[in-house]
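**Q** Provided herewith is a single structure, encoded as structure tokens, for subsequent inquiry.
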Amino acid sequence: ESFKDQSRDPAHRRVGQVKEVTSLTNPIVKDIKALSQKKTREETGTFLAEGLKLIIDAAELGWSIRYLLYAKAARGKPLVEKVAARTVARGGMVLEVSEKVMSSITRKDNPQMVAAVFDQQWMPLSKVRLEKDQTWVALDRVRDPGNLGTIIRTADAAGASGVMLVGDCTDPFSMETVRATMGSVFALPLVKTGLQEFLAWKKTAGISLVATHLAGAVDYRRIDYKSRPTVLLMGNEQSGLPEELAAAADRLARIPQAGLADSLNLAIATGIMLFEARRHLLTLEGAE
Ligand code: SAM
């Protein structure tokens with residue numbers, strides 16, 4: 001692939017050098033496509049996200065863009081130009097790609113006009129300090145990418161301060177999870193921790209650990225979420241919370257159910273818990 005001389009095109013002059021890519025065998029395209037694999041995301045510490053608004057929001061929150069890709073049809077659009085200029089200014093690369101390349105990278109027939117490769121961001125558990133009125137969600141071995149994405153989105157919407165992944169969890173930076181977060185993956189700090197590390201942190205964190213458990217004796221609406229910052233601990237989709245985690249909880253909470261179903265879907269249960277724990281902090285008047 002050649003760097004085209006686009007100096008007579010005002011859009012490109014402002015943006016700087018834009019690489020035009022139409023071939024699926026282009027090495028950069030291959031590298032970006034490989035981000036569909038967890039191994040490659042881990043090795044490179046990057047991930048792919050799609051959608052112009054989401055990418056602009058992320059850049060404004062300080063997430064750095066390694067590659068910005070836009071479809072030919074988006075050339076010259078002011079917002080695309082702006083984010084392209086910003087990408088170049090911060091050392092990223094801008095690629096103008098054919099629809100075929102965009103489809104192949106995003107694995108979609110009707111892809112978005114813009115996609116970007118971002119650096120992953122993780123917060124170390126040792127940095128997590130909960131202040132008054134803060135709520136975090138801790139997920140024990142969450143397996144389903146859609147559940148995790150929905151939980152991150154819902155935690156953001158409920159005004160939670162972050163999400164912890166305890167044990168072997170699905171990757172929050174997979175394309176499926178990122179899509180399901182609808183942009184909230186950029187809004188909340190994410191923490192990855194082992195079970196023992198989490199238990200040790202809990203002992204000194206000064207938080208109330210409210211674990212949801214199907215054998216929990218307490219109605220989730222009768223728990224005090226106000227006196228101390230709260231971590232809501234949710235169990236694995238198949239096996240629920242292991243005893244070791246349940247035993248570390250200050251309270252075991254249960255959402256009463258009717259009907260035939262034994263349990264609620266994990267993301268639904270997390271949503272119900274979040275909005276109850278933050279009920280006193282959420283008002284329509286305070287909404288933007
Ligand atoms: N078979 C699993 C068990 O026995 O625990 C079911 C797990 S459930 C699908 C996944 C998680 O969602 C649970 O570990 C819990 O955190 C939460 N959950 C689902 N229904 C709940 C309820 N009625 N009350 C409290 N938590 C619930």
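Convention: chains lettered A, B, ... in structure tokens order; per-chain residue numbering from 1; ligands numbered from 1 as shown.
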Using only C-alpha atoms and all ligand atoms, determine which residues fall within 8 Å of ligand 1, then list them as a PyMOL selection string.

**A** chain A and resi 211-214+216+220+233-241+253-257+262-270

**Q** Write out the residues from the selection above, keeping N, CA, C and O atoms, as a compact mmCIF listing (two decimals), in the first residue's frame.

**A**
# COMPACT_ATOMS: atom_id res chain seq x y z
N ALA A 211 -23.30 -9.43 48.76
CA ALA A 211 -23.22 -10.51 47.77
C ALA A 211 -24.62 -11.03 47.48
O ALA A 211 -25.41 -11.25 48.40
N THR A 212 -24.91 -11.20 46.20
CA THR A 212 -26.21 -11.78 45.84
C THR A 212 -26.06 -13.28 45.78
O THR A 212 -25.11 -13.81 45.21
N HIS A 213 -27.01 -13.93 46.38
CA HIS A 213 -26.88 -15.36 46.56
C HIS A 213 -28.28 -15.93 46.59
O HIS A 213 -29.16 -15.37 47.24
N LEU A 214 -28.46 -17.04 45.90
CA LEU A 214 -29.82 -17.59 45.87
C LEU A 214 -30.21 -18.14 47.24
O LEU A 214 -31.38 -18.26 47.56
N GLY A 216 -29.38 -16.52 49.90
CA GLY A 216 -29.32 -15.36 50.79
C GLY A 216 -30.61 -15.18 51.56
O GLY A 216 -31.70 -15.33 51.01
N TYR A 220 -33.34 -8.05 49.25
CA TYR A 220 -32.37 -7.02 48.82
C TYR A 220 -32.86 -5.60 49.11
O TYR A 220 -32.06 -4.67 49.14
N LEU A 233 -21.62 -7.84 44.84
CA LEU A 233 -20.90 -9.00 44.31
C LEU A 233 -21.89 -9.98 43.68
O LEU A 233 -22.85 -10.41 44.33
N MET A 234 -21.65 -10.30 42.41
CA MET A 234 -22.57 -11.15 41.65
C MET A 234 -21.87 -12.44 41.24
O MET A 234 -20.69 -12.44 40.90
N GLY A 235 -22.65 -13.53 41.22
CA GLY A 235 -22.06 -14.84 40.97
C GLY A 235 -22.03 -15.25 39.50
O GLY A 235 -22.71 -14.65 38.66
N ASN A 236 -21.27 -16.26 39.23
CA ASN A 236 -21.13 -16.83 37.89
C ASN A 236 -22.49 -17.34 37.36
O ASN A 236 -23.31 -17.84 38.13
N GLU A 237 -22.68 -17.20 36.04
CA GLU A 237 -23.96 -17.56 35.42
C GLU A 237 -24.39 -19.00 35.72
O GLU A 237 -25.56 -19.25 35.98
N GLN A 238 -23.43 -19.94 35.66
CA GLN A 238 -23.81 -21.34 35.87
C GLN A 238 -23.83 -21.73 37.34
O GLN A 238 -24.79 -22.30 37.83
N SER A 239 -22.77 -21.40 38.03
CA SER A 239 -22.60 -22.00 39.36
C SER A 239 -22.89 -21.05 40.52
O SER A 239 -22.86 -21.45 41.67
N GLY A 240 -23.17 -19.78 40.23
CA GLY A 240 -23.42 -18.84 41.32
C GLY A 240 -22.13 -18.53 42.08
O GLY A 240 -21.04 -18.83 41.60
N LEU A 241 -22.25 -17.95 43.26
CA LEU A 241 -21.07 -17.55 44.03
C LEU A 241 -20.48 -18.73 44.78
O LEU A 241 -21.20 -19.48 45.43
N ALA A 253 -27.76 -11.01 49.83
CA ALA A 253 -29.03 -10.45 49.38
C ALA A 253 -29.70 -11.34 48.36
O ALA A 253 -29.02 -11.99 47.56
N ARG A 254 -31.01 -11.33 48.41
CA ARG A 254 -31.76 -12.11 47.43
C ARG A 254 -32.92 -11.28 46.89
O ARG A 254 -33.59 -10.58 47.65
N ILE A 255 -33.14 -11.38 45.61
CA ILE A 255 -34.27 -10.71 44.96
C ILE A 255 -35.42 -11.72 44.94
O ILE A 255 -35.29 -12.79 44.33
N PRO A 256 -36.52 -11.41 45.61
CA PRO A 256 -37.63 -12.37 45.62
C PRO A 256 -38.15 -12.59 44.20
O PRO A 256 -38.19 -11.66 43.42
N GLN A 257 -38.52 -13.80 43.91
CA GLN A 257 -39.01 -14.13 42.57
C GLN A 257 -40.33 -14.88 42.65
O GLN A 257 -40.60 -15.58 43.63
N ASP A 262 -35.78 -20.50 38.17
CA ASP A 262 -35.02 -20.66 39.41
C ASP A 262 -34.27 -19.39 39.78
O ASP A 262 -34.06 -19.10 40.94
N SER A 263 -33.80 -18.70 38.74
CA SER A 263 -32.96 -17.53 39.00
C SER A 263 -33.16 -16.52 37.89
O SER A 263 -33.75 -16.83 36.85
N LEU A 264 -32.64 -15.31 38.12
CA LEU A 264 -32.68 -14.28 37.09
C LEU A 264 -31.40 -14.34 36.27
O LEU A 264 -30.36 -14.81 36.76
N ASN A 265 -31.47 -13.82 35.07
CA ASN A 265 -30.24 -13.62 34.28
C ASN A 265 -29.30 -12.70 35.06
O ASN A 265 -29.73 -11.77 35.74
N LEU A 266 -28.01 -12.98 34.98
CA LEU A 266 -27.02 -12.23 35.75
C LEU A 266 -27.09 -10.72 35.52
O LEU A 266 -27.03 -9.93 36.47
N ALA A 267 -27.20 -10.31 34.26
CA ALA A 267 -27.21 -8.86 33.97
C ALA A 267 -28.48 -8.21 34.52
O ALA A 267 -28.43 -7.07 35.03
N ILE A 268 -29.59 -8.91 34.44
CA ILE A 268 -30.85 -8.38 34.98
C ILE A 268 -30.74 -8.24 36.50
O ILE A 268 -31.09 -7.21 37.08
N ALA A 269 -30.24 -9.30 37.16
CA ALA A 269 -30.10 -9.26 38.63
C ALA A 269 -29.16 -8.11 39.03
O ALA A 269 -29.43 -7.38 40.00
N THR A 270 -28.09 -7.91 38.26
CA THR A 270 -27.15 -6.83 38.58
C THR A 270 -27.84 -5.47 38.44
O THR A 270 -27.65 -4.57 39.27

**Q** Give me the residues near Thr283 (chain A) as number ranges by chain, where near means some atom within 12 Å (using only C-alpha atoms) and where sequence neighbours in that chain fewer than 6 positions away do not count.

**A** A: 158-159, 275

**Q** Tell me which protein, DNA and RNA residues are within 8 Å of Val114 (chain A), counting only C-alpha atoms, leaving out same-chain ones fewer than 3 positions away, and put them as a PyMOL selection string.

**A** chain A and resi 50-52+68-71+74+80

**Q** Would you write out those residues with all heavy atoms, as a compact mmCIF listing (two decimals), in the first residue's frame?

**A**
# COMPACT_ATOMS: atom_id res chain seq x y z
N GLU A 50 -16.33 0.60 17.51
CA GLU A 50 -16.92 1.21 16.32
C GLU A 50 -17.91 2.30 16.67
O GLU A 50 -18.54 2.26 17.72
CB GLU A 50 -17.72 0.17 15.51
CG GLU A 50 -17.07 -1.13 15.25
CD GLU A 50 -18.06 -2.25 15.52
OE1 GLU A 50 -18.78 -2.61 14.59
OE2 GLU A 50 -18.13 -2.73 16.66
N GLY A 51 -18.06 3.23 15.75
CA GLY A 51 -19.08 4.27 15.89
C GLY A 51 -18.46 5.63 16.18
O GLY A 51 -17.69 5.77 17.12
N LEU A 52 -18.83 6.62 15.37
CA LEU A 52 -18.19 7.94 15.46
C LEU A 52 -18.41 8.61 16.81
O LEU A 52 -17.47 9.08 17.45
CB LEU A 52 -18.72 8.84 14.33
CG LEU A 52 -18.17 10.27 14.32
CD1 LEU A 52 -16.66 10.27 14.16
CD2 LEU A 52 -18.82 11.08 13.20
N LEU A 68 -7.20 5.04 13.56
CA LEU A 68 -8.57 5.47 13.27
C LEU A 68 -8.87 5.04 11.84
O LEU A 68 -8.08 5.30 10.94
CB LEU A 68 -8.68 6.99 13.38
CG LEU A 68 -10.09 7.52 13.08
CD1 LEU A 68 -10.99 7.33 14.30
CD2 LEU A 68 -10.06 8.99 12.69
N LEU A 69 -9.99 4.34 11.67
CA LEU A 69 -10.36 3.89 10.33
C LEU A 69 -11.69 4.52 9.95
O LEU A 69 -12.62 4.50 10.76
CB LEU A 69 -10.55 2.37 10.30
CG LEU A 69 -9.38 1.52 10.75
CD1 LEU A 69 -9.50 1.17 12.21
CD2 LEU A 69 -9.35 0.24 9.93
N TYR A 70 -11.74 5.09 8.76
CA TYR A 70 -13.06 5.55 8.31
C TYR A 70 -13.31 5.11 6.88
O TYR A 70 -12.38 4.94 6.09
CB TYR A 70 -13.22 7.07 8.48
CG TYR A 70 -12.29 7.93 7.65
CD1 TYR A 70 -12.58 8.22 6.32
CD2 TYR A 70 -11.13 8.47 8.21
CE1 TYR A 70 -11.73 9.00 5.56
CE2 TYR A 70 -10.28 9.25 7.46
CZ TYR A 70 -10.59 9.51 6.12
OH TYR A 70 -9.74 10.28 5.37
N ALA A 71 -14.61 4.91 6.58
CA ALA A 71 -14.98 4.51 5.23
C ALA A 71 -14.86 5.71 4.30
O ALA A 71 -15.02 6.85 4.75
CB ALA A 71 -16.41 3.98 5.25
N ALA A 74 -17.09 8.69 4.43
CA ALA A 74 -17.04 9.61 5.59
C ALA A 74 -15.99 10.69 5.41
O ALA A 74 -15.86 11.59 6.22
CB ALA A 74 -16.76 8.82 6.86
N VAL A 80 -15.42 13.70 11.58
CA VAL A 80 -14.42 12.68 11.23
C VAL A 80 -13.06 13.34 11.09
O VAL A 80 -12.04 12.85 11.60
CB VAL A 80 -14.83 11.94 9.93
CG1 VAL A 80 -13.74 10.97 9.51
CG2 VAL A 80 -16.15 11.22 10.12

**Q** Tell me which protein, DNA and RNA residues are within 10 Å of Leu79 (chain A), counting only C-alpha atoms, leaving out same-chain ones fewer than 4 positions away, and put them as a VMD selection string.

**A** chain A and resid 52 to 53 56 74 to 75 83 to 85

**Q** With N, CA, C and O atoms retained, export the selected residues as a JSON list (two decimals), in the first residue's frame.

**A**
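Now in part-v6.json:
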[["chain", "number", "residue", "atom", "x", "y", "z"],
["A", 52, "LEU", "N", -18.83, 6.62, 15.37],
["A", 52, "LEU", "CA", -18.19, 7.94, 15.46],
["A", 52, "LEU", "C", -18.41, 8.61, 16.81],
["A", 52, "LEU", "O", -17.47, 9.08, 17.45],
["A", 53, "LYS", "N", -19.66, 8.60, 17.28],
["A", 53, "LYS", "CA", -19.95, 9.32, 18.52],
["A", 53, "LYS", "C", -19.18, 8.72, 19.69],
["A", 53, "LYS", "O", -18.56, 9.42, 20.49],
["A", 56, "ILE", "N", -15.49, 9.62, 19.49],
["A", 56, "ILE", "CA", -15.25, 11.02, 19.91],
["A", 56, "ILE", "C", -15.34, 11.13, 21.43],
["A", 56, "ILE", "O", -14.48, 11.74, 22.08],
["A", 74, "ALA", "N", -17.09, 8.69, 4.43],
["A", 74, "ALA", "CA", -17.04, 9.61, 5.59],
["A", 74, "ALA", "C", -15.99, 10.69, 5.41],
["A", 74, "ALA", "O", -15.86, 11.59, 6.22],
["A", 75, "ARG", "N", -15.25, 10.62, 4.30],
["A", 75, "ARG", "CA", -14.19, 11.61, 4.06],
["A", 75, "ARG", "C", -14.77, 13.03, 4.03],
["A", 75, "ARG", "O", -15.82, 13.27, 3.45],
["A", 83, "VAL", "N", -11.60, 14.23, 14.58],
["A", 83, "VAL", "CA", -11.05, 13.11, 15.34],
["A", 83, "VAL", "C", -9.81, 12.55, 14.62],
["A", 83, "VAL", "O", -8.86, 12.09, 15.27],
["A", 84, "ALA", "N", -9.79, 12.65, 13.29],
["A", 84, "ALA", "CA", -8.61, 12.21, 12.53],
["A", 84, "ALA", "C", -7.41, 13.11, 12.86],
["A", 84, "ALA", "O", -6.30, 12.62, 13.11],
["A", 85, "ALA", "N", -7.65, 14.41, 12.91],
["A", 85, "ALA", "CA", -6.56, 15.35, 13.21],
["A", 85, "ALA", "C", -6.02, 15.09, 14.61],
["A", 85, "ALA", "O", -4.81, 15.09, 14.85]]

**Q** Looking at only C-alpha atoms, which of A:Arg228, A:Lys192, A:Arg107, A:Arg129 is the one that sits closest to Val163 (chain A)?

**A**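 That would be A:Lys192, the residue with the smallest distance to Val163 (chain A).
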
**Q** Just asking: which residues within region 123-238 of chain A are strand (DSSP E or B) according to DSSP, as an MDAnalysis selection string?

**A** chainID A and resid 135:140 162:166 190:193 208:212 218:219 230:234 236

**Q** Counting only C-alpha atoms, which of A:Asp250, A:Glu244, A:Glu20, A:Asp119 gets nearest to Phe173 (chain A)?

**A** A:Asp119

**Q** Rank nothing, just name the residue among A:Ala180, A:Val218, A:Pro189, A:Ile152 nearest to Gly271 (chain A), using only C-alpha atoms.

**A**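 Counting only C-alpha atoms, the residue closest to Gly271 (chain A) is A:Ile152.
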
**Q** Can you tell me, as number ranges by chain, what residues are no more than 12 Å from Leu209 (chain A) when counting only C-alpha atoms, ignoring any on the same chain fewer than 5 positions away?

**A** A: 130, 135-138, 198-199, 201-204, 223-225, 228-234, 245-253, 277

**Q** Give me the residues within 9 Å of Ser64 (chain A) as a compact mmCIF listing (two decimals) with N, CA, C and O atoms, in the first residue's frame, counting only C-alpha atoms and dropping any in the same chain fewer than 4 places off.

**A**
# COMPACT_ATOMS: atom_id res chain seq x y z
N ALA A 58 -14.84 8.81 23.62
CA ALA A 58 -13.69 8.13 24.22
C ALA A 58 -12.44 9.01 24.14
O ALA A 58 -11.70 9.15 25.11
N ALA A 59 -12.22 9.62 22.97
CA ALA A 59 -11.04 10.48 22.80
C ALA A 59 -11.12 11.64 23.79
O ALA A 59 -10.11 12.04 24.39
N THR A 87 -6.14 12.26 16.24
CA THR A 87 -5.43 10.98 16.24
C THR A 87 -3.99 11.18 15.79
O THR A 87 -3.05 10.71 16.43
N ARG A 90 -1.70 12.99 18.17
CA ARG A 90 -1.26 12.19 19.33
C ARG A 90 -0.51 10.93 18.93
O ARG A 90 -0.41 9.99 19.71
N GLY A 92 -1.20 8.66 16.53
CA GLY A 92 -1.94 7.54 15.95
C GLY A 92 -1.92 7.61 14.43
O GLY A 92 -1.41 8.57 13.85
N VAL A 117 -8.88 1.64 16.90
CA VAL A 117 -8.15 0.74 17.80
C VAL A 117 -7.62 1.59 18.95
O VAL A 117 -6.89 2.56 18.74
N PHE A 118 -8.03 1.23 20.15
CA PHE A 118 -7.65 1.98 21.36
C PHE A 118 -6.68 1.17 22.21
O PHE A 118 -6.69 -0.06 22.18
N ASP A 119 -5.92 1.87 23.03
CA ASP A 119 -5.15 1.19 24.08
C ASP A 119 -6.11 0.80 25.20
O ASP A 119 -6.95 1.60 25.60
N GLN A 120 -5.95 -0.41 25.70
CA GLN A 120 -6.76 -0.83 26.86
C GLN A 120 -6.37 -0.03 28.10
O GLN A 120 -5.23 0.44 28.20

**Q** Distance table requested - region 176-210 of chain A against region 31-38 of chain A, cut-off 12 Å, only C-alpha atoms: one row per qualifying residue with the closest atom pair and its distance in Å to one decimal, ordered by chain and rising residue number, as CSV.

**A**
residue,atom,partner,partner_atom,distance
A:Glu176,CA,A:Ser36,CA,9.4
A:Thr177,CA,A:Ser36,CA,11.4
A:Val178,CA,A:Ser36,CA,11.5

**Q** I need the chosen residues saved as a short mmCIF file (atom, residue, chain, number, x, y, z; two decimals), in the first residue's frame, with N, CA, C and O atoms.

**A**
data_model
loop_
_atom_site.label_atom_id
_atom_site.label_comp_id
_atom_site.auth_asym_id
_atom_site.auth_seq_id
_atom_site.Cartn_x
_atom_site.Cartn_y
_atom_site.Cartn_z
N GLU A 176 -17.72 -8.09 21.03
CA GLU A 176 -19.12 -8.31 21.45
C GLU A 176 -19.43 -7.54 22.73
O GLU A 176 -20.48 -6.92 22.87
N THR A 177 -18.50 -7.58 23.69
CA THR A 177 -18.74 -6.87 24.95
C THR A 177 -18.71 -5.36 24.72
O THR A 177 -19.59 -4.64 25.20
N VAL A 178 -17.72 -4.90 23.98
CA VAL A 178 -17.62 -3.45 23.72
C VAL A 178 -18.90 -2.95 23.06
O VAL A 178 -19.46 -1.92 23.45
#

**Q** For each of A:Met123, A:Leu274, A:Ala258, A:Leu165, take the minimum atom-to-atom distance to Leu195 (chain A), counting only C-alpha atoms, then give the residue where this is smallest.

**A**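 Of A:Met123, A:Leu274, A:Ala258, A:Leu165, the one nearest Leu195 (chain A), counting only C-alpha atoms, is A:Leu165.
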
**Q** CA of Ala157 (chain A) to CA of Gly62 (chain A): how many Å, to one decimal?

**A**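 So the answer is 20.0 Å.
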
**Q** Could you pull the residues within 9 Å of Lys226 (chain A), counting only C-alpha atoms, minus those fewer than 5 positions along the same chain, as a ChimeraX atom specification?

**A** /A:132-133,277-278,280

**Q** To one decimal in Å, tell me the separation between CA of Glu197 (chain A) and CA of Met175 (chain A).

**A**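 Those two atoms sit 27.8 Å apart.
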